[in-house]
Amino acid sequence: MNILGLVSDLSLLVWSLPVLLLFFTVCVFMTLRLGFVQFRYFTESIKLVFKPQTSSGAALATGHLSPFQAFMNTLGGNIGNGSLAGIPVALVAGGPGAIFWLLLLSTFAISLRFAEVFLATYFSDKSTAQKSGPMYYLSLLPGGAVLSFLFALFGFAFMIIGGNMIQCNAVGGALNRSWGIDTQVTAFIIFALVCYIVMGGASRIVKFLDKLVPVKVFGFLISALLVLIYHYAAIPAALYLIVDSAFHPQAVLGGSFAFALQQTIYYGFSVGTNTGESGLGTAAVAFGTSKGQDPVKNGIMSILSVYINTHIVCFLVALSLLVSGVWNSGETGIMLLVSAYETVFGSMAGWIVSTLVVIFATSAVVAFAFIARSCWDNLLKGKLGFGFPIFYAVCAFAGVTMDITKLYGMCSLAAAGLFWVNVLALLWFAKIMKTGLNSYKKHA
């Protein structure tokens with residue numbers, strides 16, 4: 001049996017266009033049900049993220065995160081190399097119009113981010129970090145024990161493959177291409193780094209992310225803005241191309257209108273789902289440990305991470321590729337981004353992109369370690385906790401040299417499983433969320 005072919009076929013099936021359209025329908029329904037929460041409370045989400053934070057050392061000591069730390073963990077995980085490498089793939093395979101559909105889906109999907117974080121906080125058992133997040137609120141549904149187990153299983157697979165192995169693979173490839181560092185050497189360095197950070201527990205993970213996440217966000221913003229400033233005259237044409245290609249994709253992709261439209265929507269929706277992670281429940285795991293917090297405020301705060309990832313980072317990646325004129329050069333993935341940066345930075349482009357890849361990957365690997373540990377504890381009922389750091393580090397080591405195609409296929413399957421399990425709870429408890437929002441509005 002061809003395992004690679006089977007994984008690829010299953011991945012295409014679970015993320016086929018009809019399934020993605022159903023996903024979009026769920027996003028629209030939740031947006032309407034929650035009164036356009038992602039628009040009404042956008043400015044408030046910024047205020048909640050940047051308001052002064054109180055000390056949370058005691059919370060960390062008991063396995064809890066403050067809402068701001070949960071936000072940083074979520075942002076650290078969301079903004080990974082799926083943004084740097086995934087956007088070029090969507091742009092090449094689906095045309096510039098894919099970016100329009102990606103932004104459209106992501107905008108409506110933000111309602112799912114609010115919903116899952118609300119439920120994670122609302123239903124958390126405040127006495128323990130173990131009874132929190134999707135694995136806890138799913139257990140309250142009919143057949144909850146099975147649903148909770150499935151989420152933990154799919155969640156662990158998604159964190160290990162997508163949040164760990166794929167990120168490390170990108171680092172190994174980038175360092176080898178740019179600086180000639182042998183992938184085996186990179187694998188050993190990553191193994192040691194991951195061991196050190198993860199063995200330090202939640203406290204060391206949070207301290208690491210507090211320092212690295214702002215660096216990677218601002219480092220990327222500065223480099224991308226320099227590309228856009230250099231090619232400023234091409235920005236209006238690039239924006240027009242994104243919108244026009246969304247509705248006339250055959251002009252770029254060729255073939256019939258129906259086929260081209262299907263391709264551009266498919267790649268826009270699929271990449272948007274996997275980069276934003278709204279509805280997958282990953283953010284809810286971190287926010288579920290926010291002890292004694294307001295579920296509505298936590299939900300509102302969490303929506304900003306999706307905006308930053310999709311509407312800023314992903315959009316700027318796409319715009320950089322378009323204004324530099326390299327998007328249809330025949331390259332794809334990270335190397336296409338390197339080509340775009342070369343138009344401004346010349347021979348330094350490879351170094352800049354490789355540095356971004358390393359920073360993006362490192363913070364994602366560390367952020368997902370916290371979520372993966374929660375799934376591990378749920379699956380093993382709190383036993384063998386000492387084995388998790390070693391297992392996670394070994395997977396990071398293996399990911400550097402593994403076949404990236406297999407990894408992406410398995411990650412897509414895990415993401416699909418996460419969404420379809422998690423969304424059952426989001427729909428089931430929609431009335432509770434609506435009531436909570438109405439109450440919050442009255443007392444605001």
# chains A, B, ... in the order shown; residues from 1 in each chain; ligands from 1
>>> residues_around(residues="segment 278-281 of chain A", least_positions_apart="2", cutoff="9 Å", atoms="only C-alpha atoms", output="ChimeraX atom specification")
/A:27,106,109-117,120,133-134,151,155,273-276,283-285,306,415-423,426
>>> write_last_selection(atoms="C-alpha atoms", output="short mmCIF file (atom, residue, chain, number, x, y, z; two decimals), in the first residue's frame")
data_model
loop_
_atom_site.label_atom_id
_atom_site.label_comp_id
_atom_site.auth_asym_id
_atom_site.auth_seq_id
_atom_site.Cartn_x
_atom_site.Cartn_y
_atom_site.Cartn_z
CA CYS A 27 -18.30 30.58 10.17
CA SER A 106 -10.48 34.30 8.03
CA ALA A 109 -13.78 32.44 11.08
CA ILE A 110 -12.74 34.87 13.81
CA SER A 111 -16.19 34.30 15.34
CA LEU A 112 -15.12 30.69 15.96
CA ARG A 113 -11.99 31.88 17.78
CA PHE A 114 -14.16 33.97 20.10
CA ALA A 115 -16.55 31.05 20.61
CA GLU A 116 -13.94 28.43 21.51
CA VAL A 117 -12.05 30.74 23.89
CA ALA A 120 -12.80 27.25 27.37
CA GLY A 133 -10.23 23.88 27.36
CA PRO A 134 -11.92 21.93 24.57
CA PHE A 151 -9.90 16.06 20.38
CA GLY A 155 -4.83 17.81 18.90
CA THR A 273 -8.01 27.54 7.74
CA ASN A 274 -4.61 26.07 8.50
CA THR A 275 -2.81 29.37 9.15
CA GLY A 276 -5.49 31.06 11.26
CA ALA A 283 -6.22 28.74 21.31
CA ALA A 284 -8.90 27.42 23.64
CA VAL A 285 -6.41 25.03 25.27
CA VAL A 306 -6.21 36.03 14.11
CA ALA A 415 -6.56 19.66 11.52
CA ALA A 416 -9.75 18.38 9.91
CA GLY A 417 -10.38 16.05 12.83
CA LEU A 418 -9.86 18.88 15.30
CA PHE A 419 -12.29 21.19 13.55
CA TRP A 420 -15.17 18.75 13.10
CA VAL A 421 -14.94 17.59 16.71
CA ASN A 422 -14.56 21.08 18.17
CA VAL A 423 -17.29 22.71 16.08
CA LEU A 426 -19.38 25.58 19.38
#
>>> closest_atom_pairs(of="segment 103-184 of chain A", to="segment 343-362 of chain A", cutoff="7 Å", atoms="only C-alpha atoms", output="CSV")
residue,atom,partner,partner_atom,distance
A:Gln167,CA,A:Ala361,CA,4.8
A:Cys168,CA,A:Ala361,CA,6.5
A:Ala170,CA,A:Val357,CA,7.0
A:Val171,CA,A:Val358,CA,5.4
A:Ala174,CA,A:Ser354,CA,5.3
A:Leu175,CA,A:Ser354,CA,6.5
A:Ser178,CA,A:Gly350,CA,5.8
>>> write_last_selection(atoms="N, CA and C atoms", output="mmCIF file, in the first residue's frame")
data_model
loop_
_atom_site.group_PDB
_atom_site.id
_atom_site.type_symbol
_atom_site.label_atom_id
_atom_site.label_comp_id
_atom_site.auth_asym_id
_atom_site.auth_seq_id
_atom_site.Cartn_x
_atom_site.Cartn_y
_atom_site.Cartn_z
ATOM 1 N N GLN A 167 7.662 22.716 11.399
ATOM 2 C CA GLN A 167 8.425 23.929 11.690
ATOM 3 C C GLN A 167 9.927 23.641 11.694
ATOM 4 N N CYS A 168 10.298 22.531 12.326
ATOM 5 C CA CYS A 168 11.723 22.161 12.392
ATOM 6 C C CYS A 168 12.263 21.790 11.017
ATOM 7 N N ALA A 170 11.349 23.148 8.238
ATOM 8 C CA ALA A 170 11.595 24.426 7.554
ATOM 9 C C ALA A 170 12.911 25.043 8.004
ATOM 10 N N VAL A 171 13.202 24.921 9.291
ATOM 11 C CA VAL A 171 14.466 25.460 9.810
ATOM 12 C C VAL A 171 15.658 24.728 9.200
ATOM 13 N N ALA A 174 16.056 25.759 5.545
ATOM 14 C CA ALA A 174 16.496 27.146 5.378
ATOM 15 C C ALA A 174 17.977 27.309 5.730
ATOM 16 N N LEU A 175 18.409 26.714 6.834
ATOM 17 C CA LEU A 175 19.805 26.836 7.250
ATOM 18 C C LEU A 175 20.748 26.116 6.285
ATOM 19 N N SER A 178 20.812 28.380 2.961
ATOM 20 C CA SER A 178 21.411 29.715 3.088
ATOM 21 C C SER A 178 22.836 29.698 3.636
#
>>> residues_around(residues="segment 312-314 of chain A", least_positions_apart="6", cutoff="8 Å", atoms="only C-alpha atoms", output="PDB file with C-alpha atoms, in the first residue's frame")
ATOM      1  CA  ILE A  79       2.370  32.797  13.295  1.00  0.00           C
ATOM      2  CA  SER A  83       2.380  31.965   6.988  1.00  0.00           C
ATOM      3  CA  LEU A  84       5.740  32.394   5.255  1.00  0.00           C
ATOM      4  CA  ILE A  87       0.915  31.979   1.382  1.00  0.00           C
ATOM      5  CA  PHE A 220       8.859  40.574   9.835  1.00  0.00           C
ATOM      6  CA  LEU A 221       6.855  43.814   9.675  1.00  0.00           C
TER       7      LEU A 221
END
>>> residues_around(residues="Asp403 of chain A", least_positions_apart="2", cutoff="12 Å", atoms="only C-alpha atoms", output="CSV table (one decimal) with N, CA and C atoms, in the first residue's frame")
chain,number,residue,atom,x,y,z
A,4,LEU,N,1.9,7.2,1.4
A,4,LEU,CA,2.0,8.6,1.0
A,4,LEU,C,0.8,9.0,0.1
A,161,ILE,N,2.9,17.3,14.7
A,161,ILE,CA,3.3,17.3,13.2
A,161,ILE,C,3.4,18.8,12.7
A,165,MET,N,7.2,19.3,14.0
A,165,MET,CA,8.0,18.6,13.0
A,165,MET,C,8.1,19.5,11.7
A,166,ILE,N,7.0,20.0,11.2
A,166,ILE,CA,7.0,20.8,10.0
A,166,ILE,C,7.8,22.1,10.2
A,168,CYS,N,10.3,22.5,12.3
A,168,CYS,CA,11.7,22.2,12.4
A,168,CYS,C,12.3,21.8,11.0
A,169,ASN,N,11.4,21.2,10.2
A,169,ASN,CA,11.8,20.8,8.8
A,169,ASN,C,12.2,22.1,8.0
A,170,ALA,N,11.3,23.1,8.2
A,170,ALA,CA,11.6,24.4,7.6
A,170,ALA,C,12.9,25.0,8.0
A,173,GLY,N,15.8,23.1,6.4
A,173,GLY,CA,16.0,23.4,5.0
A,173,GLY,C,16.5,24.8,4.8
A,398,ALA,N,13.5,14.5,14.6
A,398,ALA,CA,13.1,13.7,13.4
A,398,ALA,C,12.5,14.6,12.3
A,399,GLY,N,11.8,15.6,12.7
A,399,GLY,CA,11.1,16.5,11.7
A,399,GLY,C,12.0,17.2,10.8
A,400,VAL,N,13.3,17.4,11.2
A,400,VAL,CA,14.2,18.2,10.4
A,400,VAL,C,14.5,17.5,9.1
A,401,THR,N,14.6,16.1,9.2
A,401,THR,CA,15.0,15.4,8.0
A,401,THR,C,13.9,14.6,7.3
A,405,THR,N,6.3,16.4,2.4
A,405,THR,CA,5.0,16.1,1.8
A,405,THR,C,4.1,15.2,2.7
A,406,LYS,N,4.8,14.2,3.3
A,406,LYS,CA,4.0,13.3,4.2
A,406,LYS,C,3.6,14.1,5.4
A,407,LEU,N,4.4,14.9,5.9
A,407,LEU,CA,4.1,15.7,7.1
A,407,LEU,C,2.9,16.6,6.9
A,408,TYR,N,2.9,17.3,5.8
A,408,TYR,CA,1.7,18.2,5.4
A,408,TYR,C,0.4,17.4,5.3
A,409,GLY,N,0.5,16.2,4.7
A,409,GLY,CA,-0.7,15.4,4.5
A,409,GLY,C,-1.3,15.0,5.8
A,410,MET,N,-0.4,14.5,6.7
A,410,MET,CA,-0.9,14.1,8.0
A,410,MET,C,-1.4,15.2,8.9
>>> residues_around(residues="Ala152 of chain A", least_positions_apart="3", cutoff="7 Å", atoms="only C-alpha atoms", output="PyMOL selection string")
chain A and resi 135+148-149+155-156+375+378-379
>>> closest_residue(among="A:Ser223, A:Thr186, A:Thr289, A:Ser124", to="Phe71 of chain A", atoms="only C-alpha atoms")
A:Thr289
>>> select_by_dssp(residues="segment 18-98 of chain A", states="helix (DSSP H, G or I)", output="ChimeraX atom specification")
/A:18-33,37-40,42-50,57-61,67-78,81-94,97-98
>>> write_last_selection(atoms="C-alpha atoms", output="PDB file, in the first residue's frame")
ATOM      1  CA  PRO A  18     -17.593  21.176  -0.577  1.00  0.00           C
ATOM      2  CA  VAL A  19     -16.197  20.601   2.931  1.00  0.00           C
ATOM      3  CA  LEU A  20     -14.506  24.011   2.923  1.00  0.00           C
ATOM      4  CA  LEU A  21     -17.749  25.649   1.821  1.00  0.00           C
ATOM      5  CA  LEU A  22     -19.509  23.900   4.703  1.00  0.00           C
ATOM      6  CA  PHE A  23     -16.796  25.247   7.011  1.00  0.00           C
ATOM      7  CA  PHE A  24     -17.414  28.741   5.641  1.00  0.00           C
ATOM      8  CA  THR A  25     -21.155  28.309   6.231  1.00  0.00           C
ATOM      9  CA  VAL A  26     -20.476  27.455   9.885  1.00  0.00           C
ATOM     10  CA  CYS A  27     -18.300  30.578  10.173  1.00  0.00           C
ATOM     11  CA  VAL A  28     -21.044  32.782   8.724  1.00  0.00           C
ATOM     12  CA  PHE A  29     -23.656  31.209  11.010  1.00  0.00           C
ATOM     13  CA  MET A  30     -21.562  31.833  14.128  1.00  0.00           C
ATOM     14  CA  THR A  31     -20.830  35.390  13.004  1.00  0.00           C
ATOM     15  CA  LEU A  32     -24.558  36.094  12.693  1.00  0.00           C
ATOM     16  CA  ARG A  33     -25.408  34.225  15.908  1.00  0.00           C
ATOM     17  CA  VAL A  37     -18.538  39.970  17.453  1.00  0.00           C
ATOM     18  CA  GLN A  38     -15.269  40.211  15.464  1.00  0.00           C
ATOM     19  CA  PHE A  39     -16.247  43.642  14.130  1.00  0.00           C
ATOM     20  CA  ARG A  40     -18.093  45.116  17.106  1.00  0.00           C
ATOM     21  CA  PHE A  42     -12.211  44.784  17.403  1.00  0.00           C
ATOM     22  CA  THR A  43     -10.972  47.983  19.079  1.00  0.00           C
ATOM     23  CA  GLU A  44     -11.760  46.554  22.509  1.00  0.00           C
ATOM     24  CA  SER A  45      -9.626  43.496  21.744  1.00  0.00           C
ATOM     25  CA  ILE A  46      -6.648  45.817  21.192  1.00  0.00           C
ATOM     26  CA  LYS A  47      -7.313  47.589  24.486  1.00  0.00           C
ATOM     27  CA  LEU A  48      -7.567  44.299  26.395  1.00  0.00           C
ATOM     28  CA  VAL A  49      -4.303  42.973  24.973  1.00  0.00           C
ATOM     29  CA  PHE A  50      -2.276  46.092  25.715  1.00  0.00           C
ATOM     30  CA  GLY A  57       3.831  34.043  38.822  1.00  0.00           C
ATOM     31  CA  ALA A  58       1.459  32.240  41.179  1.00  0.00           C
ATOM     32  CA  ALA A  59      -0.793  31.254  38.295  1.00  0.00           C
ATOM     33  CA  LEU A  60       2.142  29.784  36.365  1.00  0.00           C
ATOM     34  CA  ALA A  61       3.239  27.823  39.411  1.00  0.00           C
ATOM     35  CA  PRO A  67      -5.074  35.849  29.598  1.00  0.00           C
ATOM     36  CA  PHE A  68      -2.182  37.883  28.143  1.00  0.00           C
ATOM     37  CA  GLN A  69       0.161  34.897  28.391  1.00  0.00           C
ATOM     38  CA  ALA A  70      -2.485  32.723  26.727  1.00  0.00           C
ATOM     39  CA  PHE A  71      -2.731  35.355  23.993  1.00  0.00           C
ATOM     40  CA  MET A  72       1.055  35.356  23.476  1.00  0.00           C
ATOM     41  CA  ASN A  73       1.071  31.554  23.406  1.00  0.00           C
ATOM     42  CA  THR A  74      -1.672  31.567  20.780  1.00  0.00           C
ATOM     43  CA  LEU A  75       0.041  34.230  18.698  1.00  0.00           C
ATOM     44  CA  GLY A  76       3.347  32.398  18.956  1.00  0.00           C
ATOM     45  CA  GLY A  77       1.735  29.230  17.636  1.00  0.00           C
ATOM     46  CA  ASN A  78      -0.431  30.834  14.941  1.00  0.00           C
ATOM     47  CA  ASN A  81       6.137  29.038   8.768  1.00  0.00           C
ATOM     48  CA  GLY A  82       2.654  28.221   7.488  1.00  0.00           C
ATOM     49  CA  SER A  83       2.380  31.965   6.988  1.00  0.00           C
ATOM     50  CA  LEU A  84       5.740  32.394   5.255  1.00  0.00           C
ATOM     51  CA  ALA A  85       5.578  29.237   3.127  1.00  0.00           C
ATOM     52  CA  GLY A  86       1.816  28.625   2.895  1.00  0.00           C
ATOM     53  CA  ILE A  87       0.915  31.979   1.382  1.00  0.00           C
ATOM     54  CA  PRO A  88       3.305  31.582  -1.600  1.00  0.00           C
ATOM     55  CA  VAL A  89       1.790  28.140  -2.270  1.00  0.00           C
ATOM     56  CA  ALA A  90      -1.752  29.549  -2.207  1.00  0.00           C
ATOM     57  CA  LEU A  91      -0.740  32.460  -4.434  1.00  0.00           C
ATOM     58  CA  VAL A  92       0.947  30.270  -7.053  1.00  0.00           C
ATOM     59  CA  ALA A  93      -1.582  27.426  -7.110  1.00  0.00           C
ATOM     60  CA  GLY A  94      -4.743  29.481  -6.611  1.00  0.00           C
ATOM     61  CA  GLY A  97      -7.578  35.775  -5.990  1.00  0.00           C
ATOM     62  CA  ALA A  98      -6.862  33.083  -3.383  1.00  0.00           C
TER      63      ALA A  98
END
>>> atom_distance(atom1="atom CA of Val215 of chain A", atom2="atom CA of Leu304 of chain A")
17.5 Å
>>> decode(residues="segment 165-285 of chain A", atoms="C-alpha atoms", output="compact mmCIF listing (two decimals), in the first residue's frame")
# COMPACT_ATOMS: atom_id res chain seq x y z
CA MET A 165 7.99 18.64 12.99
CA ILE A 166 6.98 20.84 10.02
CA GLN A 167 8.43 23.93 11.69
CA CYS A 168 11.72 22.16 12.39
CA ASN A 169 11.82 20.85 8.83
CA ALA A 170 11.59 24.43 7.55
CA VAL A 171 14.47 25.46 9.81
CA GLY A 172 16.67 22.60 8.62
CA GLY A 173 15.99 23.41 4.98
CA ALA A 174 16.50 27.15 5.38
CA LEU A 175 19.80 26.84 7.25
CA ASN A 176 21.10 24.27 4.79
CA ARG A 177 20.24 26.38 1.72
CA SER A 178 21.41 29.71 3.09
CA TRP A 179 24.38 28.85 5.27
CA GLY A 180 25.25 25.28 4.25
CA ILE A 181 24.62 23.87 7.74
CA ASP A 182 24.14 20.10 7.65
CA THR A 183 20.58 19.12 8.60
CA GLN A 184 21.87 16.56 11.12
CA VAL A 185 23.71 19.32 12.96
CA THR A 186 20.54 21.44 12.95
CA ALA A 187 18.56 18.46 14.25
CA PHE A 188 20.86 18.03 17.28
CA ILE A 189 20.79 21.75 18.08
CA ILE A 190 16.99 21.82 17.89
CA PHE A 191 16.78 18.70 20.07
CA ALA A 192 18.88 20.33 22.79
CA LEU A 193 17.02 23.66 22.61
CA VAL A 194 13.56 22.06 22.76
CA CYS A 195 14.61 19.81 25.64
CA TYR A 196 15.87 22.76 27.64
CA ILE A 197 12.79 24.94 27.11
CA VAL A 198 10.09 22.26 27.45
CA MET A 199 11.66 20.67 30.52
CA GLY A 200 11.36 24.06 32.20
CA GLY A 201 7.58 23.73 32.10
CA ALA A 202 4.98 26.45 31.53
CA SER A 203 7.06 29.13 33.25
CA ARG A 204 10.05 28.76 30.93
CA ILE A 205 7.82 28.45 27.85
CA VAL A 206 5.96 31.67 28.67
CA LYS A 207 9.13 33.63 29.45
CA PHE A 208 10.64 32.48 26.16
CA LEU A 209 7.55 33.47 24.15
CA ASP A 210 7.22 36.84 25.91
CA LYS A 211 10.63 37.75 24.49
CA LEU A 212 10.53 36.05 21.07
CA VAL A 213 7.00 36.72 19.76
CA PRO A 214 7.35 40.54 19.62
CA VAL A 215 10.76 40.13 17.96
CA LYS A 216 9.40 37.92 15.18
CA VAL A 217 6.32 40.07 14.56
CA PHE A 218 8.19 43.37 14.39
CA GLY A 219 11.15 41.83 12.56
CA PHE A 220 8.86 40.57 9.83
CA LEU A 221 6.86 43.81 9.68
CA ILE A 222 9.98 45.91 9.18
CA SER A 223 11.37 43.71 6.40
CA ALA A 224 8.01 43.38 4.59
CA LEU A 225 7.30 47.12 4.82
CA LEU A 226 10.70 47.88 3.31
CA VAL A 227 9.78 45.68 0.33
CA LEU A 228 6.44 47.45 -0.05
CA ILE A 229 7.98 50.91 0.26
CA TYR A 230 10.56 50.05 -2.39
CA HIS A 231 7.80 48.86 -4.75
CA TYR A 232 5.16 51.36 -3.60
CA ALA A 233 4.12 52.24 -7.16
CA ALA A 234 2.96 48.65 -7.74
CA ILE A 235 0.71 48.43 -4.68
CA PRO A 236 -2.55 49.70 -6.30
CA ALA A 237 -2.16 47.26 -9.21
CA ALA A 238 -1.46 44.40 -6.78
CA LEU A 239 -4.59 45.16 -4.74
CA TYR A 240 -6.67 45.33 -7.91
CA LEU A 241 -5.22 41.99 -9.08
CA ILE A 242 -6.21 40.31 -5.80
CA VAL A 243 -9.83 41.43 -6.10
CA ASP A 244 -10.16 40.96 -9.87
CA SER A 245 -8.60 37.49 -9.81
CA ALA A 246 -11.01 36.39 -7.09
CA PHE A 247 -13.89 36.71 -9.56
CA HIS A 248 -12.05 36.25 -12.88
CA PRO A 249 -9.50 33.58 -11.95
CA GLN A 250 -9.35 32.05 -15.43
CA ALA A 251 -7.42 35.10 -16.63
CA VAL A 252 -4.55 34.02 -14.37
CA LEU A 253 -4.93 30.26 -14.00
CA GLY A 254 -6.29 29.45 -17.44
CA GLY A 255 -8.87 26.74 -18.17
CA SER A 256 -12.60 27.12 -17.67
CA PHE A 257 -14.11 29.70 -15.34
CA ALA A 258 -15.64 27.00 -13.10
CA PHE A 259 -12.36 25.11 -12.66
CA ALA A 260 -10.32 28.25 -12.06
CA LEU A 261 -12.84 29.58 -9.52
CA GLN A 262 -12.79 26.26 -7.68
CA GLN A 263 -8.99 26.33 -7.51
CA THR A 264 -8.72 29.88 -6.24
CA ILE A 265 -11.42 29.39 -3.57
CA TYR A 266 -9.97 26.02 -2.52
CA TYR A 267 -6.45 27.33 -1.93
CA GLY A 268 -7.67 30.51 -0.31
CA PHE A 269 -9.95 28.66 2.11
CA SER A 270 -7.59 25.75 2.88
CA VAL A 271 -4.53 27.91 3.61
CA GLY A 272 -6.69 30.36 5.56
CA THR A 273 -8.01 27.54 7.74
CA ASN A 274 -4.61 26.07 8.50
CA THR A 275 -2.81 29.37 9.15
CA GLY A 276 -5.49 31.06 11.26
CA GLU A 277 -6.52 27.90 13.18
CA SER A 278 -9.85 29.48 14.15
CA GLY A 279 -12.25 26.71 15.14
CA LEU A 280 -9.52 24.12 15.68
CA GLY A 281 -9.54 24.72 19.44
CA THR A 282 -5.79 25.27 19.80
CA ALA A 283 -6.22 28.74 21.31
CA ALA A 284 -8.90 27.42 23.64
CA VAL A 285 -6.41 25.03 25.27
